[in-house]
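Student: data-v4.cif is reproduced below (mmCIF, C-alpha atoms).
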data_query
#
loop_
_atom_site.label_atom_id
_atom_site.label_comp_id
_atom_site.auth_asym_id
_atom_site.auth_seq_id
_atom_site.Cartn_x
_atom_site.Cartn_y
_atom_site.Cartn_z
CA MET A 1 -30.30 56.53 -23.55
CA LYS A 2 -30.01 52.76 -23.48
CA ILE A 3 -32.35 52.68 -20.48
CA ALA A 4 -35.01 54.56 -22.48
CA GLN A 5 -34.80 52.04 -25.32
CA TYR A 6 -34.96 49.06 -22.96
CA GLY A 7 -37.78 50.60 -20.94
CA THR A 8 -39.76 51.34 -24.08
CA MET A 9 -39.32 47.74 -25.25
CA VAL A 10 -40.54 46.44 -21.87
CA ALA A 11 -43.54 48.79 -21.92
CA VAL A 12 -44.48 47.73 -25.47
CA MET A 13 -44.25 44.01 -24.52
CA HIS A 14 -46.33 44.80 -21.43
CA ALA A 15 -48.97 46.60 -23.52
CA ILE A 16 -49.20 43.73 -26.04
CA ALA A 17 -49.53 41.14 -23.27
CA ASN A 18 -52.20 43.19 -21.51
CA GLY A 19 -54.05 43.86 -24.76
CA LEU A 20 -54.32 40.14 -25.49
CA HIS A 21 -55.29 39.38 -21.92
CA GLY A 22 -57.88 42.15 -21.88
CA LEU A 23 -59.35 40.84 -25.14
CA ALA A 24 -59.62 37.38 -23.59
CA HIS A 25 -61.40 38.95 -20.57
CA ILE A 26 -63.94 40.55 -22.91
CA GLU A 27 -64.52 37.48 -25.07
CA ILE A 28 -64.85 34.87 -22.29
CA PRO A 29 -66.39 37.09 -20.51
CA VAL A 30 -64.69 37.60 -17.15
CA SER A 31 -65.65 40.99 -15.76
CA LEU A 32 -63.67 43.09 -13.31
CA SER A 33 -64.97 45.03 -10.35
CA LEU A 34 -64.87 48.82 -10.40
CA LEU A 35 -61.79 48.86 -8.16
CA GLN A 36 -60.01 46.25 -10.32
CA SER A 37 -60.87 48.22 -13.48
CA LEU A 38 -59.49 51.38 -11.91
CA PHE A 39 -56.28 49.58 -10.94
CA VAL A 40 -55.91 48.14 -14.45
CA GLY A 41 -56.54 51.52 -16.05
CA VAL A 42 -54.18 53.54 -13.88
CA VAL A 43 -51.39 51.18 -12.77
CA ILE A 44 -51.29 48.62 -15.58
CA ALA A 45 -52.19 50.76 -18.61
CA LEU A 46 -51.52 54.45 -17.94
CA ALA A 47 -48.45 54.36 -15.65
CA PRO A 48 -46.17 52.55 -18.15
CA ILE A 49 -47.06 55.09 -20.86
CA ILE A 50 -46.19 57.98 -18.55
CA ALA A 51 -43.01 56.14 -17.52
CA VAL A 52 -41.88 55.76 -21.15
CA VAL A 53 -42.40 59.46 -21.80
CA LEU A 54 -40.32 60.27 -18.71
CA LEU A 55 -37.59 57.81 -19.77
CA TRP A 56 -36.91 59.93 -22.86
CA THR A 57 -36.46 63.13 -20.83
CA HIS A 58 -34.06 64.21 -18.12
CA PHE A 59 -36.60 62.70 -15.66
CA TYR A 60 -35.52 59.20 -16.73
CA ARG A 61 -34.86 58.11 -13.13
CA ILE A 62 -38.45 58.88 -12.15
CA GLY A 63 -39.59 57.09 -15.32
CA SER A 64 -37.51 54.04 -14.40
CA TRP A 65 -39.03 53.83 -10.94
CA LEU A 66 -42.53 54.42 -12.28
CA LEU A 67 -42.10 51.65 -14.87
CA LEU A 68 -40.66 49.28 -12.26
CA SER A 69 -43.49 50.07 -9.84
CA SER A 70 -46.23 49.65 -12.43
CA ILE A 71 -44.81 46.36 -13.72
CA ALA A 72 -44.40 45.07 -10.16
CA GLY A 73 -47.98 46.11 -9.32
CA SER A 74 -49.20 44.43 -12.48
CA LEU A 75 -47.31 41.25 -11.64
CA LEU A 76 -48.69 41.09 -8.10
CA PHE A 77 -52.21 41.83 -9.38
CA ALA A 78 -51.93 38.98 -11.91
CA ILE A 79 -50.56 36.47 -9.42
CA TYR A 80 -53.22 37.30 -6.85
CA ASN A 81 -56.21 37.39 -9.20
CA HIS A 82 -55.28 34.50 -11.50
CA HIS A 83 -53.57 32.07 -9.15
CA ILE A 84 -54.44 32.78 -5.50
CA VAL A 85 -57.96 34.07 -4.90
CA MET A 86 -60.78 31.84 -6.15
CA SER A 87 -62.97 33.97 -8.39
CA PRO A 88 -64.20 33.92 -12.00
CA ASP A 89 -60.76 35.42 -12.85
CA HIS A 90 -58.85 32.39 -11.48
CA VAL A 91 -57.31 30.24 -14.24
CA SER A 92 -58.97 27.10 -12.88
CA GLN A 93 -62.42 28.70 -13.32
CA VAL A 94 -62.01 29.43 -17.03
CA SER A 95 -62.73 26.80 -19.68
CA PHE A 96 -59.65 25.69 -21.64
CA GLU A 97 -61.39 26.25 -24.98
CA GLY A 98 -61.22 29.15 -27.41
CA TRP A 99 -60.45 32.42 -25.62
CA GLY A 100 -60.21 30.53 -22.32
CA LEU A 101 -57.19 28.69 -23.68
CA LEU A 102 -55.53 32.02 -24.50
CA PHE A 103 -56.51 33.31 -21.05
CA ALA A 104 -55.01 30.32 -19.22
CA ARG A 105 -51.93 29.92 -21.42
CA HIS A 106 -51.30 33.65 -21.31
CA SER A 107 -51.33 33.75 -17.53
CA LEU A 108 -47.84 32.32 -16.99
CA PRO A 109 -46.08 34.13 -19.87
CA TYR A 110 -47.65 37.34 -18.59
CA ILE A 111 -46.06 36.73 -15.22
CA ASN A 112 -42.73 36.03 -16.94
CA CYS A 113 -43.06 39.33 -18.84
CA GLY A 114 -43.52 41.03 -15.47
CA TRP A 115 -40.29 39.56 -14.15
CA ILE A 116 -38.41 40.72 -17.26
CA GLY A 117 -39.75 44.22 -16.75
CA MET A 118 -38.64 44.25 -13.13
CA LEU A 119 -35.04 43.59 -14.16
CA ASP A 120 -34.90 47.19 -15.40
#
Could you spell out this file's structure in C-alpha cells?
Tutor:
Amino acid sequence: MKIAQYGTMVAVMHAIANGLHGLAHIEIPVSLSLLQSLFVGVVIALAPIIAVVLLWTHFYRIGSWLLLSSIAGSLLFAIYNHHIVMSPDHVSQVSFEGWGLLFARHSLPYINCGWIGMLD
C-alpha cells in the first residue's frame, strides 16, 4: 500500500497549500465567481479526499487516477487564473503586502506542489 501512503501525503500537502491560499483569498479579498467556486469545491477540495479514501481500498487504481486528475485540474486552474488571465486573481493585481505577499509567494510553490502530485 505504498501508493496509498504516497497519495495520502500528496493530498495532505495539497489541502494545506489550498487552505493557505484560500485564507489569503478571503483576507485580501479576492472573490471567485460561482463557477470558479464550484470548481474549487468539487475538483480541488472534494476529489482528493474521495481519491484518498479509494486509495486505501481495492479501488486504489481509480483513486490514483482521481487524485492525478484533480491535482492536474488544480494545477491548470492555478496557472490560468494566477498567471495567464488578467483578473483580480492574477498575481500582478495583488499588493505584495500582508496577505498579498502570501498570495503571490504561494502561487509558485503551489504550482510546484501540483507537479509533485502529478508524479504519482
Student: Taking into account all atoms listed in the file, which residue in the set A:Asn81, A:Val91, A:Lys2, A:Ile44 is nearest to Leu32 in chain A?
Tutor: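 For Leu32 in chain A, the nearest of the candidates is A:Asn81.
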Student: Which is closer to Ala78 in chain A than all the others in A:Val10, A:Ile16, A:Met1, A:Val40, using only C-alpha atoms?
Tutor: A:Val40
Student: I want to know what sits within 10 Å of range 59-65 of chain A, based on all atoms listed in the file, with residues of the same chain fewer than 6 positions away left out; could you give that as a short mmCIF file (atom, residue, chain, number, x, y, z; two decimals) with C-alpha atoms, in the coordinates of the input?
Tutor:
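What follows is the written file around_37.cif:
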data_model
loop_
_atom_site.label_atom_id
_atom_site.label_comp_id
_atom_site.auth_asym_id
_atom_site.auth_seq_id
_atom_site.Cartn_x
_atom_site.Cartn_y
_atom_site.Cartn_z
CA MET A 1 -30.30 56.53 -23.55
CA ILE A 3 -32.35 52.68 -20.48
CA ALA A 4 -35.01 54.56 -22.48
CA GLY A 7 -37.78 50.60 -20.94
CA ALA A 47 -48.45 54.36 -15.65
CA PRO A 48 -46.17 52.55 -18.15
CA ILE A 49 -47.06 55.09 -20.86
CA ILE A 50 -46.19 57.98 -18.55
CA ALA A 51 -43.01 56.14 -17.52
CA VAL A 52 -41.88 55.76 -21.15
CA VAL A 53 -42.40 59.46 -21.80
CA ILE A 71 -44.81 46.36 -13.72
CA MET A 118 -38.64 44.25 -13.13
CA ASP A 120 -34.90 47.19 -15.40
#
Student: Rounded to one decimal, what separation in Å do you get between CA of Leu54 in chain A and CA of Leu35 in chain A?
Tutor: 26.5 Å
Student: Could you please determine the separation between CA of Pro88 in chain A and CA of Pro29 in chain A in Å, to one decimal place?
Tutor: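 Computed distance, CA of Pro88 in chain A to CA of Pro29 in chain A, equals 9.3 Å.
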Student: Distance cut-off 9 Å, centre (-56.2, 46.3, -19.1) in file coordinates, counting only C-alpha atoms: which residues qualify? Return them as an MDAnalysis selection string.
Tutor: chainID A and resid 15 18:19 21:23 37 39:41 44:45
Student: Using C-alpha atoms, can you write the selected residues to a file as a CSV table (one decimal), in the frame of the given file?
Tutor:
chain,number,residue,atom,x,y,z
A,15,ALA,CA,-49.0,46.6,-23.5
A,18,ASN,CA,-52.2,43.2,-21.5
A,19,GLY,CA,-54.0,43.9,-24.8
A,21,HIS,CA,-55.3,39.4,-21.9
A,22,GLY,CA,-57.9,42.2,-21.9
A,23,LEU,CA,-59.4,40.8,-25.1
A,37,SER,CA,-60.9,48.2,-13.5
A,39,PHE,CA,-56.3,49.6,-10.9
A,40,VAL,CA,-55.9,48.1,-14.4
A,41,GLY,CA,-56.5,51.5,-16.0
A,44,ILE,CA,-51.3,48.6,-15.6
A,45,ALA,CA,-52.2,50.8,-18.6
Student: Could you please determine the separation between CA of Ala72 in chain A and CA of Met86 in chain A in Å, to one decimal place?
Tutor: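 Interatomic distance, CA of Ala72 in chain A to CA of Met86 in chain A: 21.4 Å.
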Student: Looking at only C-alpha atoms, which of A:Ile84, A:Leu75, A:Leu67, A:Leu46 is the one that sits closest to Tyr6 in chain A?
Tutor: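 Smallest separation from Tyr6 in chain A among the options: A:Leu67.
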Student: Pick from A:His82, A:Val12, A:Val42, A:Ala24: nearest to Ser70 in chain A, with all atoms listed in the file counted?
Tutor: A:Val42
Student: Restricting the calculation to all atoms listed in the file, which member of A:Leu55, A:Ser87, A:His14, A:Ile79 is positioned closest to Ser33 in chain A?
Tutor: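 Among the listed residues, the smallest separation from Ser33 in chain A belongs to A:Ser87.
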